[in-house]
>>> print(open('structure27.txt').read())   # compact mmCIF, C-alpha atoms
# COMPACT_ATOMS: atom_id res chain seq x y z
CA MET A 1 157.68 134.31 46.14
CA SER A 2 157.79 133.82 49.91
CA ASP A 3 160.07 135.64 52.30
CA SER A 4 162.66 133.43 53.96
CA LEU A 5 161.06 133.44 57.45
CA THR A 6 157.69 132.36 56.00
CA LEU A 7 159.43 129.62 54.04
CA ALA A 8 161.43 128.40 57.06
CA THR A 9 158.30 128.37 59.22
CA ALA A 10 156.37 126.41 56.58
CA CYS A 11 159.16 123.81 56.34
CA ALA A 12 159.21 123.44 60.12
CA LYS A 13 155.41 123.20 60.28
CA TYR A 14 155.29 120.36 57.77
CA ALA A 15 158.15 118.53 59.48
CA ASN A 16 156.14 118.79 62.69
CA GLU A 17 152.99 117.47 61.02
CA ILE A 18 154.77 114.23 60.12
CA GLN A 19 156.21 113.95 63.63
CA ALA A 20 159.78 115.02 63.01
CA GLU A 21 161.43 115.56 66.39
CA ALA A 22 163.47 118.34 68.02
CA ILE A 23 162.65 120.90 65.35
CA GLU A 24 164.83 124.02 65.49
CA VAL A 25 164.88 127.05 63.22
CA LEU A 26 168.15 128.97 63.42
CA ASP A 27 168.21 132.60 62.28
CA LEU A 28 171.49 133.06 60.41
CA ARG A 29 170.75 136.56 59.09
CA GLY A 30 173.69 138.80 59.86
CA ILE A 31 175.80 135.79 60.90
CA SER A 32 176.34 133.93 57.63
CA SER A 33 175.93 134.49 53.92
CA LEU A 34 175.21 130.77 53.53
CA ALA A 35 171.46 131.12 54.16
CA ASP A 36 169.00 133.18 56.17
CA PHE A 37 167.66 130.19 58.12
CA PHE A 38 168.49 126.59 58.91
CA VAL A 39 165.63 124.28 59.77
CA ILE A 40 166.99 121.26 61.64
CA CYS A 41 164.94 118.24 62.67
CA SER A 42 165.29 114.56 63.48
CA ALA A 43 163.63 111.45 62.13
CA THR A 44 163.40 108.17 64.01
CA SER A 45 164.07 105.74 61.14
CA LEU A 46 165.10 105.66 57.49
CA PRO A 47 161.48 105.43 56.24
CA HIS A 48 160.59 108.35 58.54
CA LEU A 49 163.53 110.36 57.13
CA LYS A 50 162.20 109.84 53.59
CA ALA A 51 158.66 110.71 54.66
CA VAL A 52 159.74 113.93 56.38
CA SER A 53 161.68 115.00 53.28
CA ARG A 54 158.78 114.13 50.97
CA ASP A 55 156.13 115.92 53.04
CA VAL A 56 158.22 119.02 53.71
CA ARG A 57 159.03 119.31 50.01
CA HIS A 58 155.49 118.68 48.76
CA ASN A 59 153.47 120.62 51.35
CA THR A 60 155.81 123.60 51.45
CA GLU A 61 155.63 123.89 47.68
CA GLU A 62 151.82 123.69 47.78
CA GLU A 63 151.62 126.41 50.43
CA THR A 64 154.32 128.81 49.27
CA GLY A 65 154.92 127.92 45.63
CA GLU A 66 158.59 127.35 46.50
CA GLY A 67 160.35 124.06 45.87
CA PRO A 68 163.92 123.27 46.86
CA ARG A 69 166.50 124.38 44.30
CA SER A 70 168.44 121.22 45.10
CA SER A 71 168.52 118.34 47.52
CA GLU A 72 171.36 116.22 48.77
CA GLY A 73 171.80 112.93 50.55
CA GLU A 74 170.22 109.51 50.57
CA ALA A 75 168.20 108.10 53.44
CA SER A 76 170.98 105.54 53.99
CA SER A 77 173.37 108.41 54.80
CA GLN A 78 170.98 109.45 57.61
CA TRP A 79 171.17 113.13 56.59
CA LEU A 80 169.01 114.75 53.92
CA VAL A 81 169.29 118.39 52.89
CA LEU A 82 166.67 120.47 51.08
CA ASP A 83 168.19 123.70 49.77
CA TYR A 84 165.73 126.53 49.20
CA VAL A 85 168.67 129.01 48.81
CA ASP A 86 167.71 131.32 51.70
CA VAL A 87 166.46 128.38 53.80
CA VAL A 88 168.31 125.08 54.20
CA VAL A 89 166.43 122.17 55.76
CA HIS A 90 168.53 119.49 57.49
CA ILE A 91 166.74 116.23 58.24
CA PHE A 92 168.84 113.93 60.36
CA HIS A 93 168.50 110.51 61.85
CA GLU A 94 168.85 111.08 65.61
CA GLU A 95 172.36 109.59 65.85
CA LYS A 96 173.76 111.62 62.94
CA ARG A 97 172.30 114.81 64.36
CA ASP A 98 174.13 114.28 67.64
CA PHE A 99 177.34 113.55 65.74
CA TYR A 100 177.27 116.68 63.54
CA ALA A 101 175.75 118.95 66.22
CA LEU A 102 174.85 121.82 63.88
CA GLU A 103 173.13 123.65 66.73
CA ASP A 104 176.45 123.72 68.58
CA LEU A 105 178.33 124.92 65.49
CA TRP A 106 175.79 127.71 65.08
CA SER A 107 175.26 128.37 68.80
CA ASP A 108 175.41 132.14 68.24
CA ALA A 109 172.37 131.99 65.94
CA PRO A 110 169.09 133.04 67.56
CA ARG A 111 166.33 130.41 67.61
CA VAL A 112 163.02 131.26 65.99
CA GLU A 113 160.10 130.55 68.29
CA LEU A 114 157.57 128.34 66.55
CA GLU A 115 154.05 128.87 67.87
CA PHE A 116 152.78 125.47 66.75
CA LEU A 117 155.49 123.76 68.83
CA SER A 118 154.54 125.80 71.91
CA GLU A 119 150.89 124.83 71.40
CA ASN A 120 151.80 121.13 71.16
CA ALA A 121 153.87 121.33 74.34
CA SER A 122 150.97 122.79 76.30
CA ASN A 123 148.45 120.18 75.04
>>> encode(input="structure27.txt", output="structure tokens")
Amino acid sequence: MSDSLTLATACAKYANEIQAEAIEVLDLRGISSLADFFVICSATSLPHLKAVSRDVRHNTEEETGEGPRSSEGEASSQWLVLDYVDVVVHIFHEEKRDFYALEDLWSDAPRVELEFLSENASN
């Protein structure tokens, strides 16, 4: 059983590997009882949304042994949610992400620095 930070980081890593965009990990510990972390990312099309969800689910389970306890949404809704209990992954189409603005709603949540994103930015 993985700790919630390891699980959130794995979800973000696999979203990054399939080119999800604007990946953010919000640390909700001490702020909300809803979850420890939100992983939020964007997809550029409906097929990309499905692919991000599929790869995050499959690769995270292979690495950590953890699968989502539930999932919500259809690609046509432009918002998919993978619920790992302590980690909730939100995969948005770009337009829906702007509309719901979860980062603004949770603006008091610290952002987790993801080393693999820093490495990509410097390459």
>>> residues_around(input="structure27.txt", residues="stretch 23-27 of chain A", least_positions_apart="3", cutoff="7 Å", atoms="all atoms listed in the file", output="list in words")
Ala12, Ala20, Asp36, Phe37, Phe38, Val39, Ile40, Cys41, Ala109, Pro110, Arg111 and Val112 of chain A
>>> closest_residue(input="structure27.txt", among="A:Ser4, A:Thr9, A:Thr64, A:Ser77", to="A:Ala35", atoms="only C-alpha atoms")
A:Ser4
>>> atom_distance(input="structure27.txt", atom1="atom CA of A:His93", atom2="atom CA of A:Ser42")
5.4 Å
>>> closest_residue(input="structure27.txt", among="A:Leu102, A:Leu114, A:Leu46, A:Ile31", to="A:His90", atoms="all atoms listed in the file")
A:Leu102
>>> atom_distance(input="structure27.txt", atom1="atom CA of A:Asp83", atom2="atom CA of A:Pro68")
5.2 Å
>>> closest_residue(input="structure27.txt", among="A:Ser107, A:Thr6, A:Asn16, A:Gln78", to="A:Pro47", atoms="only C-alpha atoms")
A:Gln78
>>> residues_around(input="structure27.txt", residues="A:Ala10", least_positions_apart="4", cutoff="9 Å", atoms="all atoms listed in the file", output="list in words")
Leu5, Thr6, Tyr14, Ala15, Val56, Asn59, Thr60, Glu63 and Thr64 of chain A
>>> atom_distance(input="structure27.txt", atom1="atom CA of A:Leu117", atom2="atom CA of A:Lys13")
8.6 Å
>>> decode(input="structure27.txt", residues="stretch 52-69 of chain A", atoms="C-alpha atoms", output="mmCIF file, in the first residue's frame")
data_model
loop_
_atom_site.group_PDB
_atom_site.id
_atom_site.type_symbol
_atom_site.label_atom_id
_atom_site.label_comp_id
_atom_site.auth_asym_id
_atom_site.auth_seq_id
_atom_site.Cartn_x
_atom_site.Cartn_y
_atom_site.Cartn_z
ATOM 1 C CA VAL A 52 -4.486 9.985 -20.109
ATOM 2 C CA SER A 53 -7.087 8.276 -17.921
ATOM 3 C CA ARG A 54 -6.173 4.826 -19.246
ATOM 4 C CA ASP A 55 -2.411 5.278 -18.832
ATOM 5 C CA VAL A 56 -2.610 6.891 -15.396
ATOM 6 C CA ARG A 57 -4.878 4.094 -14.182
ATOM 7 C CA HIS A 58 -2.863 1.236 -15.691
ATOM 8 C CA ASN A 59 0.689 2.454 -15.029
ATOM 9 C CA THR A 60 -0.026 3.708 -11.514
ATOM 10 C CA GLU A 61 -1.529 0.349 -10.613
ATOM 11 C CA GLU A 62 1.488 -1.475 -12.062
ATOM 12 C CA GLU A 63 3.910 0.707 -10.096
ATOM 13 C CA THR A 64 2.097 1.044 -6.774
ATOM 14 C CA GLY A 65 -0.413 -1.795 -6.728
ATOM 15 C CA GLU A 66 -3.159 0.798 -6.220
ATOM 16 C CA GLY A 67 -6.095 1.161 -8.582
ATOM 17 C CA PRO A 68 -8.789 3.801 -8.335
ATOM 18 C CA ARG A 69 -11.639 2.880 -5.995
#
